[in-house]
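Enquirer: After the structure tokens below, expect a handful of questions from me.
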Amino acid sequence: MLREFPPPPRAAEFSELIKKKVEEVKAAGGTRETVTVDWNEQQAHAEVIDLPLNGLYFNPGTHRIRAQRSHDSARDEALEKDPWSAESQDYLKFLLQASPADPNLRDPEFDTLKDSLKQFGQNDPGLVTHHGILVNGNTRAAALRELGVQSMRVGVLPESFTWADINAVELSLQLRKDHRRDYTFINKLLAMEEQAALGRTPEQIAKEFRIQVKTYHQERWILSTIKELIDRSKSGGGVALRLVDWEGAQERLKELHRLYVKLETVDRDQAEVLKEWRLAAILLDFSKTDVRHIDEEFLKEGHLGRTLPATLAMGDSDAPQPDAVSIPGLGLTVPSTSSAVSEARALNDQILRASAAARSAGPELFDSDKAQGQAVLDEARRAFDEAIDAAGRNARLRKRKQLAPARLAEACASIDQCVMDLVQARTSRSLDEEVFDEAVLKLRGSLRKLAQQAGRGLPNPGDGVAWLLEAAAAEGSR
């Protein structure tokens, strides 16, 4: 949700400094440097000036590190209360330098940017509000500060710009084709959600982000699912999963959505069960190819039920399930969740809470609680690993069973094409009859071999195999 931040300390004083510098640039004459920004489907031109780096503020509302702020809940809470304090600004600087997928690690791309700035200097100006809040160039400002640079070239947005305008400008700059560093997956989803909260239509947002409308709806579904899982991961200790924990799962989540949409219209309960199991596998950090094995056949064969230990049993199968649930005040009833869905959710809830505990870096939980959570994850991963391995073996077996028919279908297609080629060659009188005759003899030999293998172990062959055996027998009697 879009937030209106209060002006930073000494905002009026810094605003006066900016006005003086802008006036000096205008009075100097000659060619002036400007930054062109897209705003409300029109263009605005911002004057570029030099400003002291120690007077600029990192933008607490930037989309670049929105999800990463959840890395440290205590520091994030302090940032919400006072975004301009030294501690909050230090936290923003830390996140701008950190790896998006794991903020505990430094981002190599940040060091690459820092080296480029050291060697070549600042090529493109940043962008600030009239109070000195960085709208574009937050990461560059962090790198320049590490290099000990004293000032930064920035364009100044009009004083009339609101926070809604500021966010729109940041998005337009980021989504240009020439942007240097993409928003991470989760930050992009949050930016879309923010635009929707401002009343923009899916078509407008899809156009802004240069995606199809169906992709927009897919990514909104993914974000709502992630937020639901975060709520479900909360335990008595007050810890929960973070948005940043889902960075890197983009392709697996998109494949989950495609499977869910396909199955939902046929069997909603089956879709829900597979959704829960795939989400658990994603959280347990299985690869994309492994997660794909959790499909309709996986559910039908019951692989997971055979490998789960008693400590991770999927709910209480003996507990009575109501046939319908009434809606208070409306006098209506709707079908209740099936026992299979309830069991799958119960299993995933255990994994979600265990993962939240194991990933917690704060003092909310004792080490024993974290160790217990890790033990649950280890058991769950072993169970899923065995189930996925069994499903993979079955899939390979099914593929081998289907391989011979598939090869024969390809051969039939080739023969059909050969018929057309033969007609055209005869029409143009270009057929090499000798070479064609040799090819037909090879076909006869191949069919004999096929008949020999097809006749083995089939006491009651079907019509197709029976025909093949009769044809081979007639050929052999000649």
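Chain identifiers are assigned as A, B, and so on, following the order in which chains appear in the structure tokens; residues are numbered from 1 within each chain, and ligands are numbered from 1 in order of appearance.
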Per residue of region 182-295 of chain A within 12 Å of region 21-44 of chain A, what are the shortest atom pair and its distance in Å to one decimal, counting only C-alpha atoms, with rows by chain and residue number, as JSON lines?

Expert:
{"residue": "A:Arg200", "atom": "CA", "partner": "A:Asn40", "partner_atom": "CA", "distance": 11.8}
{"residue": "A:Gln204", "atom": "CA", "partner": "A:Glu41", "partner_atom": "CA", "distance": 11.1}
{"residue": "A:Lys207", "atom": "CA", "partner": "A:Glu41", "partner_atom": "CA", "distance": 11.8}
{"residue": "A:Glu208", "atom": "CA", "partner": "A:Glu41", "partner_atom": "CA", "distance": 10.3}

Enquirer: If you count only C-alpha atoms, which residues fall within 8 Å of region 260-273 of chain A, apart from same-chain ones fewer than 3 positions away, as number ranges by chain?

Expert: A: 256-257, 276-277, 296, 337-338, 340-341, 344-345

Enquirer: Keeping only N, CA and C atoms, take the residues you just selected and write them out as a PDB file, in the first residue's frame.

Expert:
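Output saved as result-v3.pdb:
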ATOM      1  N   LEU A 256       3.471 -23.651 -10.992  1.00  0.00           N
ATOM      2  CA  LEU A 256       2.395 -24.052 -10.074  1.00  0.00           C
ATOM      3  C   LEU A 256       1.077 -23.402 -10.482  1.00  0.00           C
ATOM      4  N   HIS A 257       1.106 -22.125 -10.810  1.00  0.00           N
ATOM      5  CA  HIS A 257      -0.119 -21.429 -11.207  1.00  0.00           C
ATOM      6  C   HIS A 257      -0.710 -22.046 -12.463  1.00  0.00           C
ATOM      7  N   GLU A 276      -0.775 -27.342  -2.419  1.00  0.00           N
ATOM      8  CA  GLU A 276      -0.141 -27.393  -1.101  1.00  0.00           C
ATOM      9  C   GLU A 276       1.162 -28.176  -1.154  1.00  0.00           C
ATOM     10  N   TRP A 277       1.161 -29.305  -1.844  1.00  0.00           N
ATOM     11  CA  TRP A 277       2.363 -30.130  -1.892  1.00  0.00           C
ATOM     12  C   TRP A 277       3.468 -29.452  -2.690  1.00  0.00           C
ATOM     13  N   GLU A 296      -0.608 -34.996 -11.261  1.00  0.00           N
ATOM     14  CA  GLU A 296      -1.781 -35.858 -11.060  1.00  0.00           C
ATOM     15  C   GLU A 296      -1.387 -37.305 -10.784  1.00  0.00           C
ATOM     16  N   THR A 337     -14.305 -28.061   2.910  1.00  0.00           N
ATOM     17  CA  THR A 337     -13.053 -28.549   2.353  1.00  0.00           C
ATOM     18  C   THR A 337     -12.958 -30.053   2.553  1.00  0.00           C
ATOM     19  N   SER A 338     -12.532 -30.774   1.532  1.00  0.00           N
ATOM     20  CA  SER A 338     -12.430 -32.224   1.645  1.00  0.00           C
ATOM     21  C   SER A 338     -11.328 -32.605   2.617  1.00  0.00           C
ATOM     22  N   ALA A 340      -8.891 -34.640   2.121  1.00  0.00           N
ATOM     23  CA  ALA A 340      -7.587 -34.645   1.456  1.00  0.00           C
ATOM     24  C   ALA A 340      -6.972 -33.254   1.435  1.00  0.00           C
ATOM     25  N   VAL A 341      -7.789 -32.238   1.162  1.00  0.00           N
ATOM     26  CA  VAL A 341      -7.288 -30.863   1.161  1.00  0.00           C
ATOM     27  C   VAL A 341      -6.883 -30.450   2.574  1.00  0.00           C
ATOM     28  N   ALA A 344      -3.566 -32.031   3.425  1.00  0.00           N
ATOM     29  CA  ALA A 344      -2.453 -31.396   2.714  1.00  0.00           C
ATOM     30  C   ALA A 344      -2.115 -30.041   3.333  1.00  0.00           C
ATOM     31  N   ARG A 345      -3.140 -29.277   3.709  1.00  0.00           N
ATOM     32  CA  ARG A 345      -2.903 -27.980   4.354  1.00  0.00           C
ATOM     33  C   ARG A 345      -2.244 -28.168   5.716  1.00  0.00           C
TER      34      ARG A 345
END

Enquirer: Can you pull out every residue within 10 Å of Trp246 (chain A), counting only C-alpha atoms, but drop anything in the same chain fewer than 5 positions away, and send it as a list in words?

Expert: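 The residues that qualify are Ala67, Ala101, Phe185, Ile186, Leu223, Ile226, Leu241, Leu253, Ile282 and Leu283 of chain A.
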
Enquirer: Would you mind exporting the chosen residues as a PDB file, in the first residue's frame, restricted to N, CA, C and O atoms?

Expert:
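Okay, part-v3.pdb is ready:
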ATOM      1  N   ALA A  67      10.743  -5.960  -0.621  1.00  0.00           N
ATOM      2  CA  ALA A  67      10.638  -7.296  -0.018  1.00  0.00           C
ATOM      3  C   ALA A  67      11.790  -7.556   0.943  1.00  0.00           C
ATOM      4  O   ALA A  67      11.608  -8.207   1.982  1.00  0.00           O
ATOM      5  N   ALA A 101      18.384 -12.199  -2.913  1.00  0.00           N
ATOM      6  CA  ALA A 101      17.887 -13.504  -2.487  1.00  0.00           C
ATOM      7  C   ALA A 101      18.286 -13.833  -1.058  1.00  0.00           C
ATOM      8  O   ALA A 101      17.560 -14.537  -0.355  1.00  0.00           O
ATOM      9  N   PHE A 185      12.001 -10.269  -8.241  1.00  0.00           N
ATOM     10  CA  PHE A 185      10.680 -10.826  -8.534  1.00  0.00           C
ATOM     11  C   PHE A 185       9.636 -10.329  -7.541  1.00  0.00           C
ATOM     12  O   PHE A 185       8.575  -9.830  -7.929  1.00  0.00           O
ATOM     13  N   ILE A 186       9.899 -10.440  -6.250  1.00  0.00           N
ATOM     14  CA  ILE A 186       8.907 -10.066  -5.240  1.00  0.00           C
ATOM     15  C   ILE A 186       8.677  -8.562  -5.243  1.00  0.00           C
ATOM     16  O   ILE A 186       7.538  -8.095  -5.114  1.00  0.00           O
ATOM     17  N   LEU A 223       1.439 -13.452  -5.598  1.00  0.00           N
ATOM     18  CA  LEU A 223       1.675 -12.613  -4.419  1.00  0.00           C
ATOM     19  C   LEU A 223       0.647 -12.893  -3.327  1.00  0.00           C
ATOM     20  O   LEU A 223       0.994 -12.976  -2.144  1.00  0.00           O
ATOM     21  N   ILE A 226       1.612 -16.094  -1.640  1.00  0.00           N
ATOM     22  CA  ILE A 226       2.764 -15.919  -0.751  1.00  0.00           C
ATOM     23  C   ILE A 226       2.341 -15.259   0.552  1.00  0.00           C
ATOM     24  O   ILE A 226       2.749 -15.669   1.654  1.00  0.00           O
ATOM     25  N   LEU A 241       7.495 -16.473   8.158  1.00  0.00           N
ATOM     26  CA  LEU A 241       8.293 -16.345   6.945  1.00  0.00           C
ATOM     27  C   LEU A 241       8.277 -14.902   6.459  1.00  0.00           C
ATOM     28  O   LEU A 241       7.403 -14.121   6.825  1.00  0.00           O
ATOM     29  N   LEU A 253       6.900 -21.054  -9.047  1.00  0.00           N
ATOM     30  CA  LEU A 253       5.580 -20.536  -8.698  1.00  0.00           C
ATOM     31  C   LEU A 253       4.721 -20.325  -9.942  1.00  0.00           C
ATOM     32  O   LEU A 253       3.505 -20.549  -9.911  1.00  0.00           O
ATOM     33  N   ILE A 282       8.597 -26.394  -2.878  1.00  0.00           N
ATOM     34  CA  ILE A 282       9.326 -25.161  -3.196  1.00  0.00           C
ATOM     35  C   ILE A 282       9.996 -24.615  -1.944  1.00  0.00           C
ATOM     36  O   ILE A 282      11.162 -24.199  -1.966  1.00  0.00           O
ATOM     37  N   LEU A 283       9.272 -24.625  -0.822  1.00  0.00           N
ATOM     38  CA  LEU A 283       9.828 -24.127   0.436  1.00  0.00           C
ATOM     39  C   LEU A 283      10.992 -24.996   0.904  1.00  0.00           C
ATOM     40  O   LEU A 283      11.927 -24.500   1.538  1.00  0.00           O
TER      41      LEU A 283
END

Enquirer: Looking only at strand (DSSP E or B) from DSSP on the backbone, list the matching residues of region 315-458 of chain A as a PyMOL selection string.

Expert: chain A and resi 324-327+332-335

Enquirer: Separation of CA of Gln374 (chain A) and CA of Arg359 (chain A), in Å?

Expert: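 Spanning CA of Gln374 (chain A) to CA of Arg359 (chain A) is a straight-line distance of 8.7 Å.
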
Enquirer: One decimal, in Å: what's the spacing between CA of Ala346 (chain A) and CA of His71 (chain A)?

Expert: 26.2 Å

Enquirer: Name all residues at most 9 Å from Ala380 (chain A) (count only C-alpha atoms; drop same-chain ones fewer than 5 positions away) and give them as a PyMOL selection string.

Expert: chain A and resi 280+284+308-309+312+351+375+385

Enquirer: Using only C-alpha atoms, find the one residue out of A:Thr311, A:Gln218, A:Gln402, A:Ser235 that sits nearest to Glu255 (chain A).

Expert: A:Gln218

Enquirer: Would you kindly return, as a list in words, each protein, DNA or RNA residue with an atom no farther than 8 Å from any atom of region 3-11 of chain A, considering only C-alpha atoms and excluding same-chain residues fewer than 5 positions away?

Expert: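 Here the qualifying residues turn out to be Gly61, Trp84, His131, Gly132 and Trp163 of chain A.
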
Enquirer: Could you please take those selected residues and save N, CA and C atoms as a compact mmCIF listing (two decimals), in the first residue's frame?

Expert:
# COMPACT_ATOMS: atom_id res chain seq x y z
N GLY A 61 10.54 4.33 0.53
CA GLY A 61 9.46 3.73 -0.24
C GLY A 61 9.91 3.11 -1.54
N TRP A 84 13.77 8.42 8.64
CA TRP A 84 14.88 9.34 8.41
C TRP A 84 15.96 9.25 9.48
N HIS A 131 13.10 17.88 -1.39
CA HIS A 131 13.60 17.73 -0.02
C HIS A 131 14.89 16.92 0.03
N GLY A 132 15.37 16.44 -1.12
CA GLY A 132 16.62 15.69 -1.14
C GLY A 132 16.46 14.20 -0.93
N TRP A 163 3.75 11.82 -3.20
CA TRP A 163 4.39 10.52 -3.12
C TRP A 163 3.85 9.58 -4.20

Enquirer: What does the structure give for the distance between CA of Leu347 (chain A) and CA of Ser70 (chain A), in Å to one decimal?

Expert: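 Between these atoms lies a distance of 25.1 Å.
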